[in-house]
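Have a look at structure.cif below; it lists mmCIF, C-alpha atoms and all ligand atoms.
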```cif
data_input
loop_
_atom_site.label_atom_id
_atom_site.label_comp_id
_atom_site.auth_asym_id
_atom_site.auth_seq_id
_atom_site.Cartn_x
_atom_site.Cartn_y
_atom_site.Cartn_z
CA MET A 403 -14.64 -16.84 -13.08
CA ALA A 404 -13.37 -13.29 -13.53
CA LYS A 405 -11.63 -12.90 -16.89
CA ARG A 406 -11.12 -9.21 -17.49
CA ILE A 407 -9.45 -7.13 -14.79
CA LEU A 408 -9.01 -3.36 -14.58
CA VAL A 409 -6.09 -2.29 -12.38
CA LEU A 410 -6.44 1.30 -11.09
CA GLY A 411 -3.00 2.63 -10.15
CA GLY A 412 -1.35 -0.07 -12.27
CA ASP A 413 1.85 1.93 -12.82
CA GLY A 414 2.69 1.96 -9.07
CA PHE A 415 4.81 -0.16 -6.74
CA CYS A 416 2.09 -2.74 -6.02
CA GLY A 417 -0.08 -2.16 -9.11
CA TRP A 418 2.57 -2.85 -11.77
CA PRO A 419 3.62 -6.31 -10.50
CA THR A 420 -0.05 -7.15 -9.91
CA ALA A 421 -0.97 -6.24 -13.50
CA LEU A 422 1.89 -8.39 -14.82
CA ARG A 423 1.05 -11.34 -12.56
CA LEU A 424 -2.60 -11.31 -13.62
CA SER A 425 -1.64 -10.98 -17.28
CA ALA A 426 0.79 -13.90 -16.93
CA GLN A 427 -1.98 -15.96 -15.32
CA GLY A 428 -4.21 -15.54 -18.37
CA TYR A 429 -6.40 -12.62 -17.35
CA GLN A 430 -7.07 -9.83 -19.82
CA VAL A 431 -5.68 -6.79 -18.00
CA ASP A 432 -6.10 -3.04 -18.47
CA ILE A 433 -4.45 -0.30 -16.41
CA VAL A 434 -5.80 3.11 -15.41
CA ASP A 435 -3.20 5.49 -13.99
CA ASN A 436 -2.74 9.26 -14.16
CA LEU A 437 1.02 8.89 -13.46
CA SER A 438 0.69 11.21 -10.44
CA ARG A 439 3.27 9.14 -8.55
CA ARG A 440 5.86 9.95 -11.22
CA ASN A 441 4.94 13.64 -10.86
CA ILE A 442 5.41 13.42 -7.09
CA ASP A 443 8.96 12.15 -7.78
CA ASN A 444 9.52 15.38 -9.72
CA GLU A 445 8.02 17.46 -6.91
CA LEU A 446 10.23 15.79 -4.27
CA CYS A 447 13.32 15.89 -6.54
CA CYS A 448 13.73 12.18 -5.98
CA GLU A 449 13.50 9.09 -8.17
CA SER A 450 12.94 5.40 -7.67
CA LEU A 451 16.30 3.78 -6.91
CA THR A 452 15.61 1.37 -9.75
CA PRO A 453 15.34 3.02 -13.18
CA ILE A 454 11.69 2.70 -14.16
CA ARG A 455 10.76 2.96 -17.81
CA SER A 456 7.89 4.98 -19.27
CA ILE A 457 4.52 3.25 -19.08
CA SER A 458 4.48 2.79 -22.88
CA ARG A 459 7.93 1.12 -22.86
CA ARG A 460 6.92 -1.10 -19.94
CA LEU A 461 3.82 -2.29 -21.77
CA GLN A 462 5.65 -2.76 -25.07
CA THR A 463 8.35 -4.87 -23.41
CA TRP A 464 5.76 -6.95 -21.57
CA GLN A 465 4.04 -7.63 -24.90
CA GLN A 466 7.39 -8.77 -26.34
CA VAL A 467 8.38 -11.08 -23.48
CA SER A 468 4.94 -12.55 -22.73
CA GLY A 469 2.95 -12.15 -25.94
CA ASN A 470 0.18 -10.52 -23.86
CA ASP A 471 -1.28 -7.06 -24.40
CA ILE A 472 -2.15 -4.84 -21.43
CA GLY A 473 -4.34 -1.80 -22.23
CA TYR A 474 -3.59 1.61 -20.71
CA TYR A 475 -5.92 4.55 -19.92
CA HIS A 476 -4.55 7.87 -18.67
CA ILE A 477 -7.40 8.91 -16.36
CA ASN A 478 -7.43 10.78 -13.05
CA ILE A 479 -10.11 8.84 -11.18
CA ALA A 480 -10.54 11.66 -8.63
CA THR A 481 -11.24 14.42 -11.16
CA GLN A 482 -12.46 12.63 -14.33
CA PRO A 483 -15.46 10.56 -13.24
CA GLU A 484 -17.05 10.63 -16.72
CA ALA A 485 -13.90 9.23 -18.32
CA LEU A 486 -13.78 6.52 -15.67
CA LEU A 487 -17.42 5.58 -16.32
CA GLN A 488 -16.80 5.46 -20.08
CA CYS A 489 -13.77 3.25 -19.47
CA LEU A 490 -15.92 0.80 -17.46
CA ARG A 491 -18.54 0.76 -20.23
CA ASP A 492 -15.89 0.11 -22.88
CA ILE A 493 -13.95 -2.58 -21.00
CA ARG A 494 -16.77 -4.21 -19.01
CA PRO A 495 -14.35 -5.66 -16.41
CA ASP A 496 -15.33 -8.56 -14.17
CA ALA A 497 -13.16 -7.17 -11.37
CA ILE A 498 -11.39 -3.90 -10.55
CA VAL A 499 -8.33 -3.75 -8.32
CA HIS A 500 -8.13 -0.27 -6.76
CA PHE A 501 -4.61 0.88 -5.86
CA ALA A 502 -5.00 4.46 -7.17
CA GLU A 503 -4.44 6.55 -4.05
CA GLN A 504 -1.74 8.80 -2.57
CA ARG A 505 -0.18 6.27 -0.24
CA ALA A 506 2.57 7.92 1.83
CA ALA A 507 1.68 8.95 5.39
CA PRO A 508 4.58 11.47 5.64
CA TYR A 509 3.63 13.07 2.29
CA SER A 510 0.03 13.44 3.52
CA MET A 511 1.31 15.42 6.54
CA LYS A 512 3.78 17.69 4.70
CA SER A 513 1.69 20.85 4.46
CA SER A 514 -1.88 21.99 4.32
CA TRP A 515 -1.78 21.59 0.51
CA HIS A 516 -0.60 17.96 0.85
CA LYS A 517 -3.34 17.25 3.40
CA ARG A 518 -6.01 18.60 1.03
CA TYR A 519 -4.53 16.81 -1.97
CA THR A 520 -4.43 13.44 -0.20
CA VAL A 521 -8.01 13.68 1.07
CA ASP A 522 -9.39 15.04 -2.22
CA ASN A 523 -7.51 12.49 -4.32
CA ASN A 524 -8.18 9.40 -2.23
CA VAL A 525 -11.74 9.99 -1.05
CA SER A 526 -13.03 11.39 -4.37
CA GLY A 527 -11.27 8.64 -6.31
CA SER A 528 -12.92 5.88 -4.27
CA ASN A 529 -16.33 7.53 -4.33
CA ASN A 530 -16.09 8.15 -8.09
CA LEU A 531 -15.23 4.51 -8.64
CA LEU A 532 -18.16 3.26 -6.54
CA ALA A 533 -20.63 5.68 -8.16
CA ALA A 534 -19.39 4.74 -11.65
CA VAL A 535 -19.81 1.01 -10.96
CA VAL A 536 -23.40 1.65 -9.81
CA GLU A 537 -24.12 3.85 -12.85
CA SER A 538 -22.60 1.35 -15.28
CA GLY A 539 -25.10 -1.29 -14.14
CA LEU A 540 -22.31 -3.87 -14.46
CA ASP A 541 -21.76 -6.56 -11.83
CA ILE A 542 -18.12 -5.75 -11.04
CA HIS A 543 -16.23 -7.10 -8.01
CA ILE A 544 -14.12 -4.30 -6.45
CA VAL A 545 -10.90 -5.28 -4.67
CA HIS A 546 -9.44 -2.35 -2.72
CA LEU A 547 -6.07 -1.96 -1.06
CA GLY A 548 -6.56 -0.63 2.43
CA THR A 549 -4.06 -0.59 5.25
CA MET A 550 -3.49 -2.12 8.68
CA GLY A 551 -3.20 1.50 9.83
CA VAL A 552 -7.02 1.85 9.86
CA TYR A 553 -7.10 -0.12 13.12
CA GLY A 554 -4.53 2.05 14.89
CA TYR A 555 -1.53 0.48 16.55
CA GLY A 556 -2.14 -0.67 20.06
CA ARG A 557 -5.44 0.88 21.14
CA VAL A 558 -5.97 -2.08 23.48
CA ASP A 559 -2.64 -3.64 24.38
CA GLY A 560 -2.61 -7.40 23.85
CA ALA A 561 -5.93 -7.54 21.91
CA VAL A 562 -5.83 -9.49 18.63
CA ILE A 563 -6.93 -7.34 15.68
CA PRO A 564 -9.71 -9.22 13.86
CA GLU A 565 -10.21 -9.28 10.07
CA GLY A 566 -12.29 -6.13 9.79
CA TYR A 567 -15.23 -6.83 12.07
CA LEU A 568 -15.37 -6.76 15.84
CA PRO A 569 -17.98 -8.88 17.64
CA VAL A 570 -19.65 -6.73 20.30
CA GLN A 571 -22.50 -7.07 22.75
CA ILE A 572 -24.99 -4.21 23.01
CA GLU A 573 -27.37 -3.85 25.94
CA THR A 574 -30.99 -3.59 24.77
CA GLU A 575 -34.38 -3.65 26.52
CA ALA A 576 -34.49 -7.37 25.74
CA GLY A 577 -31.05 -8.02 27.19
CA TRP A 578 -27.58 -8.28 25.63
CA GLN A 579 -27.54 -8.66 21.84
CA GLN A 580 -24.53 -9.87 19.86
CA THR A 581 -23.57 -8.12 16.62
CA ASP A 582 -20.53 -7.37 14.44
CA ILE A 583 -19.36 -3.81 13.83
CA LEU A 584 -16.53 -2.46 11.70
CA HIS A 585 -13.47 -2.37 13.96
CA PRO A 586 -13.26 1.19 15.35
CA ALA A 587 -11.02 3.38 13.19
CA ASP A 588 -7.94 4.94 14.75
CA PRO A 589 -5.90 6.57 11.96
CA GLY A 590 -2.38 7.88 12.58
CA SER A 591 -2.10 10.29 9.62
CA LEU A 592 -4.28 12.01 7.02
CA TYR A 593 -3.40 9.22 4.60
CA HIS A 594 -4.65 6.61 7.05
CA THR A 595 -7.74 8.75 7.65
CA THR A 596 -8.65 8.50 3.95
CA LYS A 597 -8.50 4.71 4.22
CA THR A 598 -10.91 4.76 7.16
CA ILE A 599 -13.29 6.96 5.11
CA ASP A 600 -12.96 4.46 2.23
CA GLN A 601 -14.23 1.78 4.62
CA LEU A 602 -17.42 3.73 5.31
CA LEU A 603 -17.95 4.38 1.60
CA PHE A 604 -17.65 0.63 0.94
CA TYR A 605 -20.02 -0.13 3.80
CA PHE A 606 -22.63 2.26 2.39
CA TYR A 607 -22.42 1.25 -1.32
CA ASN A 608 -22.48 -2.41 -0.31
CA LYS A 609 -25.59 -1.90 1.83
CA ASN A 610 -27.35 0.46 -0.58
CA ASP A 611 -26.39 -0.88 -4.01
CA ASN A 612 -25.36 -4.47 -3.28
CA LEU A 613 -21.87 -3.83 -4.64
CA ARG A 614 -19.51 -6.78 -4.19
CA ILE A 615 -16.41 -5.44 -2.43
CA THR A 616 -13.28 -6.95 -0.91
CA ASP A 617 -11.14 -4.64 1.26
CA LEU A 618 -7.57 -5.79 1.90
CA HIS A 619 -6.00 -4.29 5.01
CA GLN A 620 -2.43 -4.57 3.94
CA GLY A 621 0.74 -4.38 6.01
CA VAL A 622 3.93 -2.60 4.96
CA VAL A 623 5.09 -4.12 1.67
CA TRP A 624 8.76 -5.04 1.27
CA GLY A 625 10.77 -6.44 -1.61
CA THR A 626 11.03 -5.14 -5.17
CA GLN A 627 10.78 -7.83 -7.76
CA THR A 628 8.33 -10.57 -8.65
CA PRO A 629 9.02 -13.35 -11.18
CA GLU A 630 7.25 -11.26 -13.85
CA THR A 631 9.04 -7.92 -13.20
CA ALA A 632 12.36 -9.81 -13.17
CA ARG A 633 11.86 -11.04 -16.74
CA HIS A 634 13.40 -7.92 -18.31
CA ASP A 635 15.17 -4.79 -17.02
CA ASP A 636 12.46 -2.65 -18.67
CA LEU A 637 9.91 -4.29 -16.35
CA ILE A 638 11.77 -3.58 -13.10
CA ASN A 639 9.60 -2.39 -10.27
CA ARG A 640 10.03 0.92 -8.44
CA PHE A 641 12.06 1.07 -5.21
CA ASP A 642 11.39 4.07 -2.98
CA TYR A 643 14.01 4.88 -0.35
CA ASP A 644 13.30 8.53 0.49
CA GLY A 645 11.99 9.87 3.81
CA ASP A 646 8.42 10.24 2.48
CA TYR A 647 7.77 7.18 0.32
CA GLY A 648 10.45 4.72 1.42
CA THR A 649 8.78 2.11 3.62
CA VAL A 650 10.80 1.00 6.60
CA LEU A 651 12.36 -2.31 5.56
CA ASN A 652 13.27 -1.31 1.99
CA ARG A 653 14.66 1.94 3.43
CA PHE A 654 16.92 -0.01 5.83
CA LEU A 655 18.12 -2.34 3.07
CA MET A 656 18.97 0.63 0.87
CA GLN A 657 20.75 2.41 3.72
CA ALA A 658 22.81 -0.72 4.42
CA ALA A 659 23.78 -0.95 0.75
CA ILE A 660 25.22 2.58 0.66
CA GLY A 661 26.80 2.52 4.13
CA HIS A 662 24.30 4.95 5.68
CA PRO A 663 23.31 4.25 9.30
CA LEU A 664 19.93 2.55 9.62
CA THR A 665 17.48 5.30 10.60
CA ILE A 666 15.30 4.29 13.52
CA TYR A 667 12.86 7.07 14.49
CA GLY A 668 12.32 7.13 18.22
CA SER A 669 12.85 4.00 20.27
CA GLY A 670 12.23 1.45 17.48
CA GLY A 671 9.63 -0.18 19.74
CA GLN A 672 6.86 0.44 17.18
CA THR A 673 5.50 -2.91 15.95
CA ARG A 674 4.29 -3.04 12.35
CA ALA A 675 2.81 -5.71 10.08
CA PHE A 676 4.67 -6.78 6.92
CA ILE A 677 4.13 -8.63 3.68
CA HIS A 678 6.45 -9.41 0.77
CA LEU A 679 5.47 -8.00 -2.62
CA ARG A 680 5.20 -11.55 -4.04
CA ASP A 681 2.58 -12.36 -1.43
CA THR A 682 0.77 -9.08 -2.15
CA VAL A 683 0.22 -10.10 -5.77
CA ARG A 684 -0.74 -13.66 -4.78
CA CYS A 685 -3.26 -12.34 -2.25
CA ILE A 686 -4.85 -10.08 -4.84
CA GLN A 687 -5.26 -12.96 -7.24
CA LEU A 688 -6.79 -15.05 -4.42
CA ALA A 689 -9.19 -12.19 -3.61
CA ILE A 690 -10.25 -11.93 -7.26
CA GLU A 691 -10.82 -15.69 -7.46
CA ASN A 692 -12.88 -15.76 -4.25
CA PRO A 693 -15.35 -12.87 -4.58
CA PRO A 694 -18.15 -12.28 -2.08
CA GLN A 695 -21.64 -13.35 -3.14
CA THR A 696 -24.11 -10.63 -4.14
CA GLY A 697 -25.77 -9.41 -0.95
CA ALA A 698 -22.89 -10.45 1.31
CA ARG A 699 -21.25 -7.76 3.46
CA VAL A 700 -17.90 -6.21 2.49
CA ASP A 701 -15.30 -8.97 2.78
CA ILE A 702 -12.27 -7.80 4.78
CA PHE A 703 -8.92 -9.59 4.91
CA ASN A 704 -5.79 -8.68 6.85
CA GLN A 705 -3.15 -8.90 4.11
CA VAL A 706 -0.24 -9.45 6.46
CA THR A 707 2.20 -12.29 6.94
CA GLU A 708 4.28 -11.28 9.99
CA THR A 709 4.84 -8.55 12.58
CA TRP A 710 8.13 -7.08 13.81
CA THR A 711 9.28 -4.07 15.78
CA VAL A 712 11.27 -1.50 13.84
CA ALA A 713 14.30 -2.23 16.06
CA GLU A 714 14.07 -5.97 15.32
CA LEU A 715 14.04 -5.23 11.58
CA ALA A 716 17.07 -2.98 11.91
CA GLN A 717 18.94 -5.72 13.78
CA LYS A 718 18.15 -8.26 11.06
CA VAL A 719 19.38 -5.94 8.31
CA ALA A 720 22.45 -4.97 10.32
CA ALA A 721 23.28 -8.68 10.77
CA ILE A 722 23.19 -9.49 7.05
CA ALA A 723 24.68 -6.25 5.74
CA GLY A 724 26.96 -5.17 8.58
CA ALA A 725 25.28 -1.79 9.01
CA GLU A 726 25.36 0.63 11.95
CA ILE A 727 22.06 1.50 13.66
CA ARG A 728 21.30 5.10 14.67
CA HIS A 729 18.26 6.49 16.49
CA TYR A 730 16.71 9.76 15.32
CA GLN A 731 13.97 11.94 16.73
CA ASN A 732 10.59 10.63 15.57
CA PRO A 733 8.76 12.98 13.14
CA ARG A 734 5.51 11.09 13.76
CA LYS A 735 3.08 11.51 16.61
CA GLU A 736 2.79 7.91 17.81
CA ALA A 737 3.36 5.69 20.81
CA ALA A 738 7.00 4.82 21.45
CA HIS A 739 6.11 1.14 21.91
CA ASN A 740 3.16 -1.01 20.91
CA ARG A 741 2.25 -4.66 20.61
CA LEU A 742 0.46 -5.82 17.48
CA GLU A 743 -1.34 -9.14 17.28
CA VAL A 744 -3.14 -9.63 13.98
CA GLU A 745 -5.64 -12.26 12.89
CA ARG A 746 -4.50 -13.45 9.45
CA GLY A 747 -6.09 -16.84 8.87
CA LYS A 748 -8.37 -16.00 5.91
CA PHE A 749 -5.69 -15.87 3.21
CA GLN A 750 -3.96 -18.92 4.67
CA GLN A 751 -7.26 -20.81 4.41
CA LEU A 752 -7.33 -19.83 0.72
CA GLY A 753 -3.87 -21.37 0.26
CA LEU A 754 -1.39 -18.54 0.83
CA ASN A 755 2.02 -19.91 1.82
CA PRO A 756 3.73 -16.82 3.26
CA THR A 757 7.18 -15.58 2.29
CA THR A 758 8.91 -14.63 5.53
CA LEU A 759 11.74 -12.26 6.29
CA ASP A 760 14.11 -15.13 6.98
CA ALA A 761 13.60 -16.78 3.61
CA GLY A 762 16.64 -15.25 1.91
CA LEU A 763 14.76 -12.52 0.10
CA LEU A 764 16.39 -9.84 2.23
CA GLU A 765 19.63 -10.59 0.39
CA GLU A 766 17.83 -10.23 -2.94
CA VAL A 767 16.69 -6.72 -2.02
CA VAL A 768 20.16 -5.79 -0.74
CA ASP A 769 21.55 -6.95 -4.12
CA ILE A 770 19.13 -4.63 -5.96
CA ALA A 771 20.03 -1.78 -3.64
CA ARG A 772 23.77 -2.39 -4.19
CA ARG A 773 23.32 -2.67 -7.97
CA PHE A 774 21.67 0.76 -8.20
CA ARG A 775 23.34 2.56 -5.28
CA GLU A 776 24.95 5.12 -7.61
CA ARG A 777 21.43 6.43 -8.30
CA CYS A 778 20.78 7.13 -4.60
CA ASP A 779 20.66 10.76 -3.43
CA PRO A 780 21.65 10.53 0.28
CA ALA A 781 20.08 13.97 0.87
CA ARG A 782 16.64 12.37 0.37
CA ILE A 783 17.02 9.64 2.99
CA LEU A 784 16.04 11.48 6.16
CA PRO A 785 12.43 12.57 6.73
CA SER A 786 11.32 16.04 5.68
CA SER A 787 7.69 15.88 6.84
CA ARG A 788 6.45 16.39 10.40
CA TRP A 789 3.19 15.50 12.06
CA THR A 790 2.51 18.67 14.09
CA LYS A 791 3.32 22.35 13.67
CA ASP A 792 5.32 22.54 16.89
CA GLN A 793 7.84 19.98 15.64
CA GLN A 794 10.89 21.78 14.26
CA LEU A 795 13.14 20.18 11.68
CA ASP A 796 16.83 20.31 12.54
CA SER A 797 19.63 20.73 10.01
CA GLU A 798 19.61 16.99 9.25
CA GLY A 799 15.91 17.15 8.39
CA THR A 800 14.79 15.22 11.47
CA ALA A 801 12.10 16.53 13.77
CA GLU A 802 12.86 17.68 17.28
CA THR A 803 9.92 17.02 19.55
CA ALA A 804 9.68 13.28 20.16
CA PRO A 805 9.53 12.58 23.89
CA ALA A 806 13.11 12.25 25.09
CA ALA A 807 12.28 8.93 26.76
CA SER A 808 11.50 7.37 23.38
CA VAL A 809 14.89 8.21 21.90
CA ALA A 810 17.79 5.96 22.72
CA SER A 811 20.69 7.40 20.77
N1 LIG B 1 3.30 0.14 -0.46
C1 LIG B 1 2.87 -0.27 0.72
O1 LIG B 1 3.68 -0.66 1.60
C2 LIG B 1 1.40 -0.32 1.02
C3 LIG B 1 0.99 -0.79 2.28
C4 LIG B 1 -0.38 -0.81 2.59
C5 LIG B 1 -1.31 -0.38 1.64
N2 LIG B 1 -0.89 0.07 0.42
C6 LIG B 1 -1.91 0.55 -0.51
O2 LIG B 1 -1.73 -0.05 -1.78
C7 LIG B 1 -2.04 0.89 -2.81
C8 LIG B 1 -0.89 0.97 -3.77
O3 LIG B 1 0.29 1.39 -3.08
P1 LIG B 1 1.66 1.58 -3.86
O4 LIG B 1 2.75 1.39 -2.87
O5 LIG B 1 1.64 0.78 -5.09
O6 LIG B 1 1.56 3.13 -4.22
P2 LIG B 1 2.10 3.91 -5.50
O7 LIG B 1 2.06 5.36 -5.17
O8 LIG B 1 3.40 3.33 -5.95
O9 LIG B 1 0.99 3.57 -6.60
C9 LIG B 1 -0.25 4.22 -6.67
C10 LIG B 1 -0.54 4.47 -8.16
O10 LIG B 1 -1.83 5.10 -8.26
C11 LIG B 1 -1.73 6.17 -9.17
N3 LIG B 1 -2.76 7.17 -8.78
C12 LIG B 1 -2.84 7.88 -7.61
N4 LIG B 1 -3.92 8.69 -7.62
C13 LIG B 1 -4.54 8.47 -8.82
C14 LIG B 1 -5.69 9.03 -9.42
N5 LIG B 1 -6.42 9.99 -8.81
N6 LIG B 1 -6.07 8.58 -10.65
C15 LIG B 1 -5.34 7.61 -11.28
N7 LIG B 1 -4.21 7.08 -10.77
C16 LIG B 1 -3.82 7.50 -9.54
C17 LIG B 1 -0.31 6.69 -9.03
O11 LIG B 1 0.15 7.39 -10.17
C18 LIG B 1 0.47 5.40 -8.79
O12 LIG B 1 0.98 4.85 -9.99
C19 LIG B 1 -2.35 2.22 -2.12
O13 LIG B 1 -3.73 2.44 -2.06
C20 LIG B 1 -1.77 2.04 -0.74
O14 LIG B 1 -2.48 2.77 0.21
C21 LIG B 1 0.44 0.11 0.11
#
```

Please lay out the structure from this file as structure tokens.
Amino acid sequence: MAKRILVLGGDGFCGWPTALRLSAQGYQVDIVDNLSRRNIDNELCCESLTPIRSISRRLQTWQQVSGNDIGYYHINIATQPEALLQCLRDIRPDAIVHFAEQRAAPYSMKSSWHKRYTVDNNVSGSNNLLAAVVESGLDIHIVHLGTMGVYGYGRVDGAVIPEGYLPVQIETEAGWQQTDILHPADPGSLYHTTKTIDQLLFYFYNKNDNLRITDLHQGVVWGTQTPETARHDDLINRFDYDGDYGTVLNRFLMQAAIGHPLTIYGSGGQTRAFIHLRDTVRCIQLAIENPPQTGARVDIFNQVTETWTVAELAQKVAAIAGAEIRHYQNPRKEAAHNRLEVERGKFQQLGLNPTTLDAGLLEEVVDIARRFRERCDPARILPSSRWTKDQQLDSEGTAETAPAASVAS
């Protein structure tokens, strides 16, 4: 069984609670993070709604409350491949969880600089990791956080999205042959494009070097706290609410808490897949404990527990928090409506008991948002990125070219 785990991106929204969960479960955990997400807060003049402590204070407090040490390495995995390799040689991890990427689709579309940064950071980081594992000669299981967005949303209406591989029939001279291919990629932003490139890198290193890899195609994560981050205020997790990094449900809950209208972009008919942060960390532990055999293909899971349209989410939040709903022009280039049926049996077979939106945790997030609402800068709520050059931002920061039919104001 894996004993020593290296968490790349372990200072981030998903990485921090994962590191604590694994440490609490008896794993020896080390974190690599270059703190670039904290620097992006500075760049965007925005902070996590919850006050997050320095990485050294976080680790010190965790040591005090749990008695467990977590190691920390300040390495940029995209630009310091030698340091990453040395780190692997020093730690000799059994498994690596790879969260260390620029993860906001709007940020990846902000400007030509942001497009280059996202591609350089994410693609080089993943390739450097894979090359370093090969060079180290160590048998390390890599668990990567991908996204549901690699599949696209609604390429074939009504089709169920499988867990990574699509069975196809190919006509040959000998007749029709059955095979599995990676589900065709259909990214909706430069960020999502990097995740589709990651998939090909995993495919190649798995085929060429027999690397053992699990790729988790995760839905939009909601919630803030896990039992471990709730143990002390110094351990609190980050809560992004801004137009670039705030993911839709947390953004709505925050907006409700400060009396801002819930911001639906376009019609609200976009269906997305969701998962609570507590299930994210459980899934990652399950993935670590159930690694693929050497020689097996890349194992792909859909890390998703439910699907909702954006309008349905807004109605749920409005019902519990009494908020107003307002439609804005959509800064993204996407279909106004889509259906999304997702295969998600693999984690359930491994024992995941999903936390659903109706389970009372919405109130918990609203409570966090209310507790820290004084820290909110309302000027950061609306989107400031746009998908195409011909979209103009109006004075409220919303974009002006969504098809009129998709906007019900
Ligand atoms: N949050 C979500 O809703 C969500 C949904 C689907 C997939 N994911 C994926 O999960 C992963 C983690 O997401 P998150 O929400 O925790 O993001 P995050 O931005 O909060 O965390 C990412 C962490 O990685 C670090 N990092 C980035 N580039 C690095 C580099 N080159 N070297 C070292 N460290 C680096 C950042 O400083 C940050 O602490 C991402 O890969 C993301 O694509 C997240």

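Of the listed residues (A:Ala421, A:Ile783, A:Val623, A:Val719), A:Val623 comes nearest to ligand LIG 1 (chain B); the distances count only C-alpha atoms and all ligand atoms.
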
Residue with the minimum atom-to-atom distance to Ile442 of chain A, picked from A:Val521, A:Leu655, A:Ala506, A:Leu424 with all atoms listed in the file counted, is A:Ala506

From A:Gly747, A:Gly473, A:Gly671, A:Gly724, residue lying nearest Gln657 of chain A [only C-alpha atoms]
A:Gly724

Could you list, as a ChimeraX atom specification, all protein and nucleic acid residues with an atom at most 8 Å from ligand LIG 1 (chain B), counting all atoms listed in the file?
/A:410-418,434-441,476-481,500-506,523-524,527,546-550,593,597,619-624,640,649

Determine, for each residue of segment 650-761 of chain A having at least one atom at most 9 Å from an atom of segment 553-576 of chain A, the closest pair of atoms and their separation in Å to one decimal, counting all atoms listed in the file; order by chain and ascending number, as CSV.
```
residue,atom,partner,partner_atom,distance
A:Gln672,CA,A:Tyr555,CA,8.4
A:Thr673,CA,A:Tyr555,CA,7.8
A:Arg674,CA,A:Tyr555,CA,8.0
A:Asp701,CA,A:Gly566,CA,8.1
A:Ile702,CA,A:Gly566,CA,5.3
A:Phe703,CA,A:Glu565,CA,5.3
A:Asn704,CA,A:Glu565,CA,5.5
A:Glu736,CA,A:Tyr555,CA,8.7
A:Ala737,CA,A:Tyr555,CA,8.3
A:His739,CA,A:Gly556,CA,8.6
A:Asn740,CA,A:Gly556,CA,5.4
A:Arg741,CA,A:Gly556,CA,6.0
A:Leu742,CA,A:Gly556,CA,6.3
A:Glu743,CA,A:Val562,CA,4.7
A:Val744,CA,A:Ile563,CA,4.7
A:Glu745,CA,A:Pro564,CA,5.2
A:Arg746,CA,A:Glu565,CA,7.1
A:Gly747,CA,A:Glu565,CA,8.7
A:Lys748,CA,A:Glu565,CA,8.1
```

Within 12 Å of (9.4, -0.3, -20.3), in the coordinates the file gives, what residues turn up when you count only C-alpha atoms, written out as a list in words?
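Selection result: Asp413, Trp418, Pro453, Ile454, Arg455, Ser456, Ile457, Ser458, Arg459, Arg460, Leu461, Gln462, Thr463, Trp464, Gln465, Gln466, Val467, Thr631, Arg633, His634, Asp635, Asp636, Leu637, Ile638, Asn639 and Arg640 of chain A.
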
Gln717 of chain A: which residues within 12 Å, counting only C-alpha atoms, same-chain residues fewer than 5 positions away excluded, as number ranges by chain?
A: 651, 654-655, 658, 663-666, 670, 710-712, 722-728

Do you have, as a tab-separated table, the list of residues of segment 437-521 of chain A lying at most 8 Å from segment 772-780 of chain A, each with its nearest atom pair and that distance in Å to one decimal, counting all atoms listed in the file and ordered by chain then number?
```
residue	atom	partner	partner_atom	distance
A:Cys448	CA	A:Asp779	CA	7.5
A:Leu451	CA	A:Arg777	CA	5.9
A:Thr452	CA	A:Phe774	CA	6.3
```

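Among A:Thr682, A:Gln601, A:Thr626, A:Asn732, the residue with the shortest atom-to-atom distance to Arg699 of chain A, counting all atoms listed in the file, is A:Gln601.
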
Sphere at (-0.2, 9.7, 7.8), radius 8 Å, counting only C-alpha atoms: residues as an MDAnalysis selection string:
chainID A and resid 506:511 589:595 789

Using all atoms listed in the file, the shortest atom-to-atom distance to Tyr475 of chain A among A:Val545, A:Tyr647, A:Ser786, A:Asp432 belongs to A:Asp432

Å distance separating atom CA of Thr790 of chain A from atom CA of Val525 of chain A, one decimal place:
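So the answer is 22.5 Å.
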
Please put the answer as JSON: centre and edge lengths, in Å with one decimal, of a box along x, y and z that encloses all listed atoms of segment 754-767 of chain A plus 3 Å on each side.
```
{"center_x": 9.1, "center_y": -13.3, "center_z": 2.0, "size_x": 27.0, "size_y": 19.2, "size_z": 15.9}
```

Identify which of the residues A:Leu422, A:Leu532, A:Leu784, A:Leu446 lies closest to Arg680 of chain A, counting all atoms listed in the file when measuring atom-to-atom distances.
A:Leu422
